[in-house]
Each structure stands twice: as structure tokens, then as C-alpha cells.
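Student: Starting off with a structure, shown below.
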Amino acid sequence: MGKSVTIDKFFQRKRANEPDPATPITLSTRSNNNDLPSEFSPKRFKSTEIEEVDLDSLERDPGLRRQIWEYHPNQREEIRRAYLNLKAYQPILQEYPLNKNIKHPRRFQSTWYEQFPWLEYSPAKDKAYCFLCFIFNKPSGCSNQTAFTVNGFNSWKKVRNGKACAFLSHIGKDNVSSPHRNAEKACEDLMNQPQHISRRFDNFNDEQIATNRLRLKAHIHVVLLLALQGIPFRGHDEKSSSSNRGNFLEFLDVLSMYNDELSKAIAKAPKNAKYTSHDIQKQILHVLSMRVKNAIREEIGVAKYCIIVDEARDESKREQVSIVLRFVDTNGFIQERFFGLIHVSDTAALTLKDAIYSSLAHYNLDVQNIRGQGYDGASNMRGEFNGLQALIIKDCRSAYYVHCFAHRLQLALVAASKNVTSIHQFFDKLTFIVNIVGSSCKRNDELKNAHADDIAHLIAINELETGRGLNQIGTLQRAADTRWSSHLRSLKGLIKMFSASCMVLLKVMDDGLPSQRADATSVYDEMTSFDFVFILHLMKEIMGITDILCQALQSKSQDIINAMELVLSTKNLLQQMRDNKWNDLLAKVKSFCELRNIDIPDFNAPYINRRGRARARQDNFTIEHHYQVDLFYASIDSQLQEINGRFSDDAMELLILSNALNPQNAVESFRVEDICKLVEKFYAEDFTRDEKEQLEMQLKHYEYNIVKGPNYNNLATISELCQWLVKTNKSVTYNLIFRVIVLVLTLPVSTATTERSFSAMNIVKTRLRSKMEDGFLSDALMIYIEREIARNVSIEAIIEDFENLKERRIPFS
């Protein structure tokens, strides 16, 4: 028997100076040390060193992003596809910085994008890059490639017409095999899945491709339907034997029941490519969301915009930041678009700023185009030195901060109610009444029955009008701490159902448990007192005035000039009520008490103040000495004081000057100098020196032709003026004035749209769906909130994006 041979005889032993392929290659182990500088040395990863990469948060700025070859080899193709779907990063700035390192300073030009679609610009580095070469860049690239992929190019004087242009030299002029052209061909091949080797081997025919598209269309329609309705996708048991396989599969079965062709297509689907998994559902939803965001991005275009930001916790106790963009569209209408929900680890101002900038940069929105910031009054948002608004103003001086008007009104109303002790105690009692009367189903039914009997009695004696939608039976509404309008509805409900509520309390006093009887007796005695009824009607009148302002501030199309006009009218109405409405209110309260047999105090008796000292009756005794009168004036004065304190923006120069554009004010006196001062002081960067000089002359023509024209008197707000200028094509003739109007309309009014997104978040992410991923939640909210745009997304475009998202086992085109 021969000598045995070991396996190492078949392999050549590794040399001592040869690097281990499992270790990262450093600059010293490369054969060519001049390929790249040390700071751009390539990395190689072991098979186990695959880091998680969020494709939705890829760095867009070419001067800051990682090179493709720095990622793990198994991730590179997916990352290449993600960047190709995002396309080249081409920010359009109002003015690019000068390169002063050369003899004749020059700057980057946005017009180069049209001639060279592959061109990218880095605002952080002030350099140009090649998008296609970046996608397929290698660490051993030549120096010409490194200039447009790693180091960046900023020799703007070399960009000129003719063959000497640096961009043409990079392409390779007539060289069809240049590195740039090779990268361009590689990008085309990567996204052209029908030509991939695996597809050529499979050899799908046109009928199979049509079947695949039909099946995918059905999946897209189901995903869109579920997202629009905020319905869960999955089921607890999705097996074929389950009685409830989840909404997605059940809806898909319903569609196939009414379409034989679709039913056959689903039945013939390959087992490894049915495209009904949870991951596929997320991918379809993500493609839909991306399409909606791209539509919003196209709607904004190169216009200036405002950011409205708020944060809240979701069902799983994760901090989420809602971003809304406010802008004026091409038709002159104000738009507020939800732009995404971002999870943040903390709410520090710098963290929020980075999250907002990353979201904007991902869709090629320039931070320099921000012309307004709208937040609540939290210190991390409104801080003058280190708050979010201060950090953004450092980067964009025209991004003026406006504290949410609705939030300020809420603070004013809450503070006013707490300043007057009797009012504060009244709302505590109101909450207690609602809790007792509506605490059980039995009492709720008793309340409705008593209310129905009360309505029937009032109709019989002709005290109530009858008609469709009138005299509906409801329940008492509980007042919410963060929604002051709910307090008015609670007050109105109690006045409307006052007798029915008393009937319920009397039944509890007779039939309830001892503790319940004690509470009911206390509440009943309080409700049937004249003081309680007086405050009930007093607050209803006061809050009826402020509710108009509160509701108006919830509108997406509200402009800041009209909002300030509403604040002013609210103050005037409160003052009128204070001066003239005491007798009317007292008569209304007395009439209410007489109908319900509530004791009315003798107003001619000596008045005993709250400190227990009796005031002797005097010959010049007047009604103003009574407690109710003092309360009447104290309540209104408190409201006026808080509103004046919270809404002090009428003293801000920006709003005062902007008010010159208000059509109602311009009819009386059109102040040309105020508009010119507004531009010079607050929007100087948006106008050149020649445009500022031209603006004054344009304003004189505008005053003569527009302000003194017949149609101008019909315009009530600056928002209507903007729409009218676009409709009549006057926005072209008076383009500079129109630009000023758009800038003023861009200023935020309230954060109502962000709060609506949080309400939608609570619908989409419920307690039973508390484990939703952040990306899935944001995509679902995007479809649910911006449903008008989502419904208009082309199904064919979704199929194309879905196919390009990653390598697919079956073709769709």
C-alpha cells in the first residue's frame, strides 16, 4: 500500500508576505499606493460584517455620502438601485458660492444640469460630482474618475463651450469605452432586468409577463385600498385553512372571485414568487409613498416653502416627528402637505434639525428655500439661542419663526380660565357632571330618554322648531384639555340637555348607592344654583366669540394676515360684549332659570362679597356691586388680557408691513413705501438690486390698474388676491409683487396639519398594531393623509418602480 497523501499537497502554501483575504486591505497592502489618498482607503468586510443600511435615509449630498465600495459586497447592488431610483442630486440654489481660490472667481451654474444630466452638486463642499461614475466607482479608479467621485471638481473656469470643457473631457469625448461611458452602460444594464442572465434563461413569453402584471396590479389595488382606509394588512393566521387570513389576502380573494382571469393568474403564480408576503406589501406601500412624495416635490418645484414641525409619542411610546411643508402652488392656492413621519431618539434641537435636513435633502429640497418655521411653544423649538428655529435661521436668515396661532389661543384661553377662581372651579364641576351623568350605559340611556321627552314637550308648546336634522338626541360631551373648542360643545350640550341631566341626577339620588347618592346630590345642588347657570351662559357667550377664531386657525389655506385680522375682531367683539351685553346676558339667564324653577337672587338686597363683609345699602346703590357683575367683567377682562399678551405679533414689523398687501386695507390707502421696506428689510435675498428698483415702479402701476380697478373691491384676503392674480394672468405682468405676496402667504399660521397627522397616526397605529416599523408607519400615513395625490398615482408607474426596487424572480415588463 502506497504512502497516503494529505490534502495540503494539492494546494500551494500561502506566502508569508501575502495579506490574509479575510482582513481589510489597507493602503500599505495595495500594490499601487497612489490610487487613492489615505482618507479614502477602501474597506473590505468579512461575510459576517453586514451592517444594516436604511435605504430611505441614504445621504444624498455627493460630498458627504459613502462610496459604494465601502459597503458590504452583498449590499452594493441594492444600494446602487436605491440611488438610481433617487436619481442625481441636483439642488437649485438662488446663488451658488464663488470659488475665490482662483484668479478669476467663478461659481457653479444650475443650467449645467440640463446639458449634463449625470452632474451632481454638493452644497456642503461646493463641488461637482458624476452620479453615474459614483454608482460603479472602484477604489482603483483613475485620477479623472476620482476627481468626479471622491475628491470633487470645482475648477469652474474649465467648464466652457467647446472640446476643452472639463465635463466633456470627463465623459471621454469620442471615446466610447471611457470609464464614464462604461459606468453609464452598467447603470442601464442594472436597471434593465429583462436582459439579465437569469431572465434570459427563464425565457418568459408575453403572455406570462401580462399575467404577472395582472397579478401585481391586483396586489397594488388592495394595498392602496387598505392604506387609504387605514385598515390593518395582516392577519394572526394567514394559512389557507384559516377562517380569517387577514385583510390583504381576504380582499385579494374577493377580487379574484369577480375576475376569472385574475383568479387563474393567482392560481398559476410560482410558489417562490406569489408576491403576497408581508415584505412585498411593505415594498408596494413604500413605492406608493415615494410616488406621493415625488408628486409633492414636483408641486413645490423651485418655490419657497415653510416647514411646520411637531412631535408626539405613538402607541409604542416612540417619539415621532411630523413634517408638513407649506407653499403656494402654481394656481395661487396655499397648500400644506404632509411630508413624512420620522422617529427620533430624543427631541433635542440639533437632533430635530438633522432629521429635518435629512428628510428634505432626500428629495432634493434646498434648505435655503425655507421662508418660514411653524412650531408650538416648546423651549427646544422656539429657543432664541439654541432652539430649533435659531439653528435653522443660522443657515437660512429668511426662515422666520411663527409661534402656532392655535396653540397661543389655547394657552390664552386656559390661562384666562385659571386666572378667575370661579371659572376654574366651574370647569372642574362641569367635568364632574359629565362623568356622573354619562358614567354608565344605563344612565346614558336614561339621559337620552329624558332628553327625548323634553324635546317632545317643548315642541308641543311651540318652544322648538321642527325640521330635518333639528332636535337630534345626543349625549353630554366631555371637554378635552388640548382642544378648547370641545369646551364650547360641552357647554352647549349641557344647556341643551340641562333638564334631562337633572332628571338623571334625581334618579341616582333615589336609586343609587349611598356614595353615588351623595355625589349626585352635591352635583344637583350645584347645577340648580343661579351662580352655576350664570357662569354656564357667560362662558358660552365668551367662548362662542373665540371659537370662530379657533376654527379659522384650523384651516390649511389660512394666511397670517387674515389670522391677525381675526384676532383683532375677536378682541373687538369681547370688548363690545363687556360694554353692552350685560343686560342681555342677565335677561337670558333669568329666563332660563324661570323655565326650570331655579331660584333667582334678589338683586336689590345688600351684596355680601366673598370675604364675608356685608355692604350697606346706599342711596346710590347700583347693580354693578353684585357678585355676578364682578364675575362678568373679570372673566372678559381676563380673556382680553391673555389674548393681548399671547398675540403680541401685531407689533411685529414683519406683519405690520405685510398688512399693506391686504386688499381691504389697500383700498383705503395703498402704502407703496411699506411694501418696499418689507422687501428691503425681510426679503432682500429674494430680490436683486435691479428688481428692488423695478418693484417700486411696478407698485405704482399696480395701484393705478389693480387697486383702483373694479374687481379689487371683491377681494377679501391676500389669499384670494393671489388666486385672482394667477387666474387673470396678472401674476406675470406684476411678477415682483406676486413674488412678495407668495412669500407672505408662505408664513405659517398654525400646526393644525401636523396635529391631524398625529390623529391619523393613532388610527393607523393602534394598540393592536403597536409593533409597526417606523418606515411602514410613515408610508401608511403618507397614503392615508395625502389620499388625493395617492389616488392619482399611475399603476403602471408603480409597477415600474416596484420592478426596479430590487432584482425580481419574474418579469413585469
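Identifiers in this document derive from the order of the C-alpha cells: chains are assigned A, B, ..., residues are numbered from 1 separately in each chain, and ligands are numbered from 1 in order of occurrence.
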Can you list every residue in segment 606-786 of chain A that DSSP puts in alpha helix (DSSP H), as a count of residues only?

Tutor: 108

Student: Excluding segment 591-602 of chain A and any residue of its chain fewer than 6 positions from it, enumerate the residues within 7 Å of it, using only C-alpha atoms, and give them as a CSV table (one decimal) with N, CA, C and O atoms, in the first residue's frame.

Tutor:
chain,number,residue,atom,x,y,z
A,528,THR,N,-78.3,73.4,40.0
A,528,THR,CA,-79.6,74.2,40.1
A,528,THR,C,-79.4,75.5,40.9
A,528,THR,O,-80.4,76.1,41.4
A,529,SER,N,-78.2,76.0,41.0
A,529,SER,CA,-77.9,77.3,41.7
A,529,SER,C,-77.8,78.3,40.6
A,529,SER,O,-77.4,78.1,39.4
A,530,PHE,N,-78.2,79.5,40.9
A,530,PHE,CA,-78.1,80.6,40.0
A,530,PHE,C,-76.7,81.0,39.5
A,530,PHE,O,-76.5,81.3,38.3

Student: Using only C-alpha atoms, pick whichever of A:His72, A:Lys556, A:Arg107, A:Arg517 has the shortest atom-to-atom distance to Leu325 of chain A.

Tutor: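 Closest to Leu325 of chain A, using only C-alpha atoms: A:Lys556.
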
Student: Going by DSSP on the backbone, which bits of segment 39-207 of chain A are strand (DSSP E or B)? Write them as a PyMOL selection string, please.

Tutor: chain A and resi 98-99+106-107+119-122+127-130+153

Student: The selected residues should be written to file as a PDB file, in the first residue's frame (atoms: N, CA and C atoms).

Tutor:
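After the write, again.pdb holds the following:
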ATOM      1  N   LEU A  98     -19.032  81.655  -4.624  1.00  0.00           N
ATOM      2  CA  LEU A  98     -17.907  81.905  -5.529  1.00  0.00           C
ATOM      3  C   LEU A  98     -16.697  81.089  -5.110  1.00  0.00           C
ATOM      4  N   ASN A  99     -15.988  80.550  -6.085  1.00  0.00           N
ATOM      5  CA  ASN A  99     -14.723  79.876  -5.816  1.00  0.00           C
ATOM      6  C   ASN A  99     -13.618  80.928  -5.875  1.00  0.00           C
ATOM      7  N   ARG A 106     -15.290  82.232 -10.008  1.00  0.00           N
ATOM      8  CA  ARG A 106     -16.494  81.810 -10.726  1.00  0.00           C
ATOM      9  C   ARG A 106     -17.329  80.945  -9.803  1.00  0.00           C
ATOM     10  N   ARG A 107     -18.549  80.638 -10.241  1.00  0.00           N
ATOM     11  CA  ARG A 107     -19.452  79.846  -9.425  1.00  0.00           C
ATOM     12  C   ARG A 107     -20.133  78.779 -10.273  1.00  0.00           C
ATOM     13  N   LEU A 119     -24.705  65.165 -13.844  1.00  0.00           N
ATOM     14  CA  LEU A 119     -23.969  66.075 -12.973  1.00  0.00           C
ATOM     15  C   LEU A 119     -24.668  66.227 -11.616  1.00  0.00           C
ATOM     16  N   GLU A 120     -23.883  66.214 -10.549  1.00  0.00           N
ATOM     17  CA  GLU A 120     -24.382  66.439  -9.196  1.00  0.00           C
ATOM     18  C   GLU A 120     -23.598  67.582  -8.564  1.00  0.00           C
ATOM     19  N   TYR A 121     -24.246  68.237  -7.593  1.00  0.00           N
ATOM     20  CA  TYR A 121     -23.596  69.343  -6.883  1.00  0.00           C
ATOM     21  C   TYR A 121     -23.719  69.132  -5.385  1.00  0.00           C
ATOM     22  N   SER A 122     -22.631  69.375  -4.670  1.00  0.00           N
ATOM     23  CA  SER A 122     -22.609  69.243  -3.219  1.00  0.00           C
ATOM     24  C   SER A 122     -22.608  70.619  -2.581  1.00  0.00           C
ATOM     25  N   LYS A 127     -18.733  71.527  -4.710  1.00  0.00           N
ATOM     26  CA  LYS A 127     -18.020  70.797  -5.755  1.00  0.00           C
ATOM     27  C   LYS A 127     -19.016  69.992  -6.576  1.00  0.00           C
ATOM     28  N   ALA A 128     -18.597  69.642  -7.789  1.00  0.00           N
ATOM     29  CA  ALA A 128     -19.427  68.860  -8.705  1.00  0.00           C
ATOM     30  C   ALA A 128     -18.934  67.419  -8.721  1.00  0.00           C
ATOM     31  N   TYR A 129     -19.881  66.503  -8.964  1.00  0.00           N
ATOM     32  CA  TYR A 129     -19.580  65.075  -8.975  1.00  0.00           C
ATOM     33  C   TYR A 129     -20.341  64.417 -10.120  1.00  0.00           C
ATOM     34  N   CYS A 130     -19.915  63.224 -10.475  1.00  0.00           N
ATOM     35  CA  CYS A 130     -20.583  62.433 -11.505  1.00  0.00           C
ATOM     36  C   CYS A 130     -21.399  61.341 -10.829  1.00  0.00           C
ATOM     37  N   PHE A 153     -15.004  68.188  -8.057  1.00  0.00           N
ATOM     38  CA  PHE A 153     -14.458  69.093  -9.073  1.00  0.00           C
ATOM     39  C   PHE A 153     -15.020  70.495  -8.837  1.00  0.00           C
TER      40      PHE A 153
END

Student: So which one's closest to Lys730 of chain A, A:Arg245, A:Ala660, A:Ile300, A:Gly332? Using only C-alpha atoms, please.

Tutor: A:Gly332

Student: Between atom CA of Asp61 of chain A and atom CA of Val150 of chain A, what is the distance in Å, rounded to a tenth?

Tutor: 12.1 Å

Student: Considering only C-alpha atoms, state which residue in the set A:Ala716, A:Lys429, A:Asp559, A:Ile135 is at the smallest distance from Met527 of chain A.

Tutor: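 Checking each of A:Ala716, A:Lys429, A:Asp559, A:Ile135 against Met527 of chain A, counting only C-alpha atoms, the winner is A:Lys429.
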
Student: Can you list, as a list in words, every protein, DNA or RNA residue that comes within 8 Å of His362 of chain A when you count only C-alpha atoms, leaving out same-chain residues fewer than 6 positions away?

Tutor: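 Those residues are Ser57, Leu58, Glu59 and Arg60 of chain A.
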
Student: With N, CA and C atoms retained, could you export that selection as a PDB file, in the first residue's frame?

Tutor:
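See out-v4.pdb below for the written result:
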ATOM      1  N   SER A  57     -32.824  56.525   4.165  1.00  0.00           N
ATOM      2  CA  SER A  57     -32.057  57.612   4.790  1.00  0.00           C
ATOM      3  C   SER A  57     -30.650  57.716   4.209  1.00  0.00           C
ATOM      4  N   LEU A  58     -30.474  57.293   2.982  1.00  0.00           N
ATOM      5  CA  LEU A  58     -29.168  57.383   2.344  1.00  0.00           C
ATOM      6  C   LEU A  58     -28.778  58.852   2.176  1.00  0.00           C
ATOM      7  N   GLU A  59     -27.525  59.139   2.411  1.00  0.00           N
ATOM      8  CA  GLU A  59     -27.020  60.506   2.253  1.00  0.00           C
ATOM      9  C   GLU A  59     -27.065  60.890   0.778  1.00  0.00           C
ATOM     10  N   ARG A  60     -27.691  62.026   0.478  1.00  0.00           N
ATOM     11  CA  ARG A  60     -27.809  62.465  -0.911  1.00  0.00           C
ATOM     12  C   ARG A  60     -26.662  63.365  -1.333  1.00  0.00           C
TER      13      ARG A  60
END

Student: Do a neighbour search on Gln639 of chain A at 8 Å with only C-alpha atoms, toss out local chain neighbours closer than 6 positions, and write the hits as a list in words.

Tutor: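 Here the answer would be Ala412, Leu413 and Ala416 of chain A.
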
Student: Pick out the closest residue to Val222 of chain A from this set: A:Val523, A:Ile795, A:Leu494, A:Ser417. Count only C-alpha atoms.

Tutor: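 Of the candidates, the smallest distance to Val222 of chain A is held by A:Ile795.
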
Student: Restricting the calculation to only C-alpha atoms: of A:His286, A:Gln576, A:Glu261, A:Met564, which residue gets closest to Leu805 of chain A?

Tutor: A:His286

Student: For the atom pair atom CA of Asn331 of chain A and atom CA of Lys677 of chain A, what is the interatomic distance in Å to one decimal place?

Tutor: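 Going from atom CA of Asn331 of chain A over to atom CA of Lys677 of chain A, I get 27.0 Å.
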
Student: Can you tell me how far atom CA of Asp547 of chain A sits from atom CA of Ser486 of chain A, in Å to one decimal?

Tutor: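 Distance between the two atoms: 9.7 Å.
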
Student: Pick from A:Cys722, A:Ile308, A:Met543, A:Leu360: nearest to Leu743 of chain A, with only C-alpha atoms counted?

Tutor: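 Of A:Cys722, A:Ile308, A:Met543, A:Leu360, the one nearest Leu743 of chain A, counting only C-alpha atoms, is A:Cys722.
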
Student: Do you know which residues are at most 12 Å from Tyr702 of chain A counting only C-alpha atoms, after dropping those on the same chain fewer than 3 positions away, and could you put them as an NGL selection string?

Tutor: :A and (661 or 666 or 670-672 or 695-699 or 705-709 or 712 or 725 or 730-731 or 733-738)

Student: Leaving out Arg397 of chain A and any residue of its chain fewer than 2 positions from it, which residues lie within 10 Å of it when counting only C-alpha atoms, given as a ChimeraX atom specification?

Tutor: /A:368,370-372,390,392-395,399-400,682-683,685

Student: Given the selection you just returned, output its residues as a file containing all heavy atoms, formatted as a CSV table (one decimal), in the first residue's frame.

Tutor:
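To be explicit, this is the file written out as out_23.csv:
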chain,number,residue,atom,x,y,z
A,368,GLN,N,-32.0,76.4,1.8
A,368,GLN,CA,-32.0,77.8,1.6
A,368,GLN,C,-33.3,78.4,1.1
A,368,GLN,O,-33.5,79.6,1.1
A,368,GLN,CB,-30.9,78.2,0.6
A,368,GLN,CG,-29.5,77.8,1.1
A,368,GLN,CD,-29.1,78.5,2.4
A,368,GLN,OE1,-29.5,79.7,2.6
A,368,GLN,NE2,-28.4,77.9,3.3
A,370,ILE,N,-36.2,77.7,2.5
A,370,ILE,CA,-37.2,77.8,3.6
A,370,ILE,C,-37.4,79.3,3.9
A,370,ILE,O,-36.5,80.1,4.1
A,370,ILE,CB,-36.6,77.1,4.9
A,370,ILE,CG1,-36.4,75.6,4.6
A,370,ILE,CG2,-37.6,77.3,6.1
A,370,ILE,CD1,-35.8,74.9,5.8
A,371,ARG,N,-38.7,79.6,4.0
A,371,ARG,CA,-39.1,81.0,4.2
A,371,ARG,C,-40.1,81.1,5.4
A,371,ARG,O,-40.7,82.1,5.6
A,371,ARG,CB,-39.8,81.6,3.0
A,371,ARG,CG,-38.8,81.9,1.9
A,371,ARG,CD,-37.7,82.9,2.3
A,371,ARG,NE,-36.8,83.2,1.2
A,371,ARG,CZ,-35.7,82.5,1.1
A,371,ARG,NH1,-35.4,81.5,1.9
A,371,ARG,NH2,-34.8,82.8,0.1
A,372,GLY,N,-40.1,80.1,6.3
A,372,GLY,CA,-40.9,80.2,7.5
A,372,GLY,C,-40.8,78.9,8.3
A,372,GLY,O,-40.5,77.8,7.7
A,390,ALA,N,-33.8,78.8,16.0
A,390,ALA,CA,-32.5,79.5,16.0
A,390,ALA,C,-31.4,78.8,15.1
A,390,ALA,O,-30.7,79.5,14.4
A,390,ALA,CB,-32.0,79.7,17.4
A,392,ILE,N,-32.0,76.8,12.5
A,392,ILE,CA,-32.3,76.9,11.1
A,392,ILE,C,-32.1,78.3,10.6
A,392,ILE,O,-31.7,78.5,9.5
A,392,ILE,CB,-33.8,76.5,10.9
A,392,ILE,CG1,-33.9,75.0,11.2
A,392,ILE,CG2,-34.3,76.7,9.5
A,392,ILE,CD1,-35.3,74.4,11.0
A,393,ILE,N,-32.4,79.4,11.4
A,393,ILE,CA,-32.2,80.7,11.0
A,393,ILE,C,-30.7,81.0,10.7
A,393,ILE,O,-30.4,81.8,9.9
A,393,ILE,CB,-32.8,81.7,12.0
A,393,ILE,CG1,-34.3,81.7,11.9
A,393,ILE,CG2,-32.2,83.1,11.9
A,393,ILE,CD1,-35.0,82.6,12.9
A,394,LYS,N,-29.8,80.3,11.4
A,394,LYS,CA,-28.4,80.5,11.2
A,394,LYS,C,-28.0,80.0,9.8
A,394,LYS,O,-27.1,80.6,9.1
A,394,LYS,CB,-27.6,79.7,12.2
A,394,LYS,CG,-27.6,80.2,13.6
A,394,LYS,CD,-26.8,79.3,14.6
A,394,LYS,CE,-26.9,79.9,16.0
A,394,LYS,NZ,-26.2,79.0,17.0
A,395,ASP,N,-28.8,79.0,9.3
A,395,ASP,CA,-28.5,78.5,7.9
A,395,ASP,C,-29.3,79.3,6.9
A,395,ASP,O,-28.9,79.3,5.7
A,395,ASP,CB,-28.8,77.0,7.8
A,395,ASP,CG,-27.9,76.2,8.7
A,395,ASP,OD1,-26.8,76.6,9.0
A,395,ASP,OD2,-28.4,75.1,9.2
A,399,ALA,N,-35.9,82.4,7.2
A,399,ALA,CA,-36.8,81.4,7.7
A,399,ALA,C,-37.4,81.9,9.0
A,399,ALA,O,-37.0,81.4,10.1
A,399,ALA,CB,-36.0,80.0,7.9
A,400,TYR,N,-38.3,82.8,8.9
A,400,TYR,CA,-38.8,83.5,10.1
A,400,TYR,C,-39.7,82.5,10.9
A,400,TYR,O,-40.6,81.8,10.3
A,400,TYR,CB,-39.6,84.7,9.7
A,400,TYR,CG,-38.7,85.7,9.0
A,400,TYR,CD1,-38.9,86.0,7.6
A,400,TYR,CD2,-37.7,86.4,9.6
A,400,TYR,CE1,-38.1,86.9,7.0
A,400,TYR,CE2,-36.8,87.3,9.0
A,400,TYR,CZ,-37.1,87.5,7.6
A,400,TYR,OH,-36.2,88.4,7.0
A,682,PHE,N,-36.7,92.4,5.0
A,682,PHE,CA,-37.0,91.0,5.4
A,682,PHE,C,-36.8,90.0,4.2
A,682,PHE,O,-36.5,88.8,4.5
A,682,PHE,CB,-38.4,90.8,5.9
A,682,PHE,CG,-38.7,91.5,7.2
A,682,PHE,CD1,-39.3,92.8,7.2
A,682,PHE,CD2,-38.3,91.0,8.4
A,682,PHE,CE1,-39.6,93.4,8.4
A,682,PHE,CE2,-38.6,91.6,9.6
A,682,PHE,CZ,-39.2,92.9,9.6
A,683,TYR,N,-36.9,90.4,3.0
A,683,TYR,CA,-36.7,89.5,1.9
A,683,TYR,C,-35.7,90.1,0.9
A,683,TYR,O,-35.9,89.9,-0.4
A,683,TYR,CB,-38.0,89.3,1.2
A,683,TYR,CG,-39.1,88.6,2.1
A,683,TYR,CD1,-40.2,89.3,2.6
A,683,TYR,CD2,-38.9,87.3,2.4
A,683,TYR,CE1,-41.1,88.7,3.4
A,683,TYR,CE2,-39.8,86.6,3.3
A,683,TYR,CZ,-40.9,87.3,3.8
A,683,TYR,OH,-41.8,86.7,4.6
A,685,GLU,N,-32.8,89.0,0.1
A,685,GLU,CA,-32.1,87.9,-0.6
A,685,GLU,C,-32.9,87.4,-1.8
A,685,GLU,O,-32.3,86.7,-2.6
A,685,GLU,CB,-31.7,86.8,0.3
A,685,GLU,CG,-30.7,87.2,1.4
A,685,GLU,CD,-30.3,86.1,2.3
A,685,GLU,OE1,-30.9,85.0,2.2
A,685,GLU,OE2,-29.4,86.2,3.2
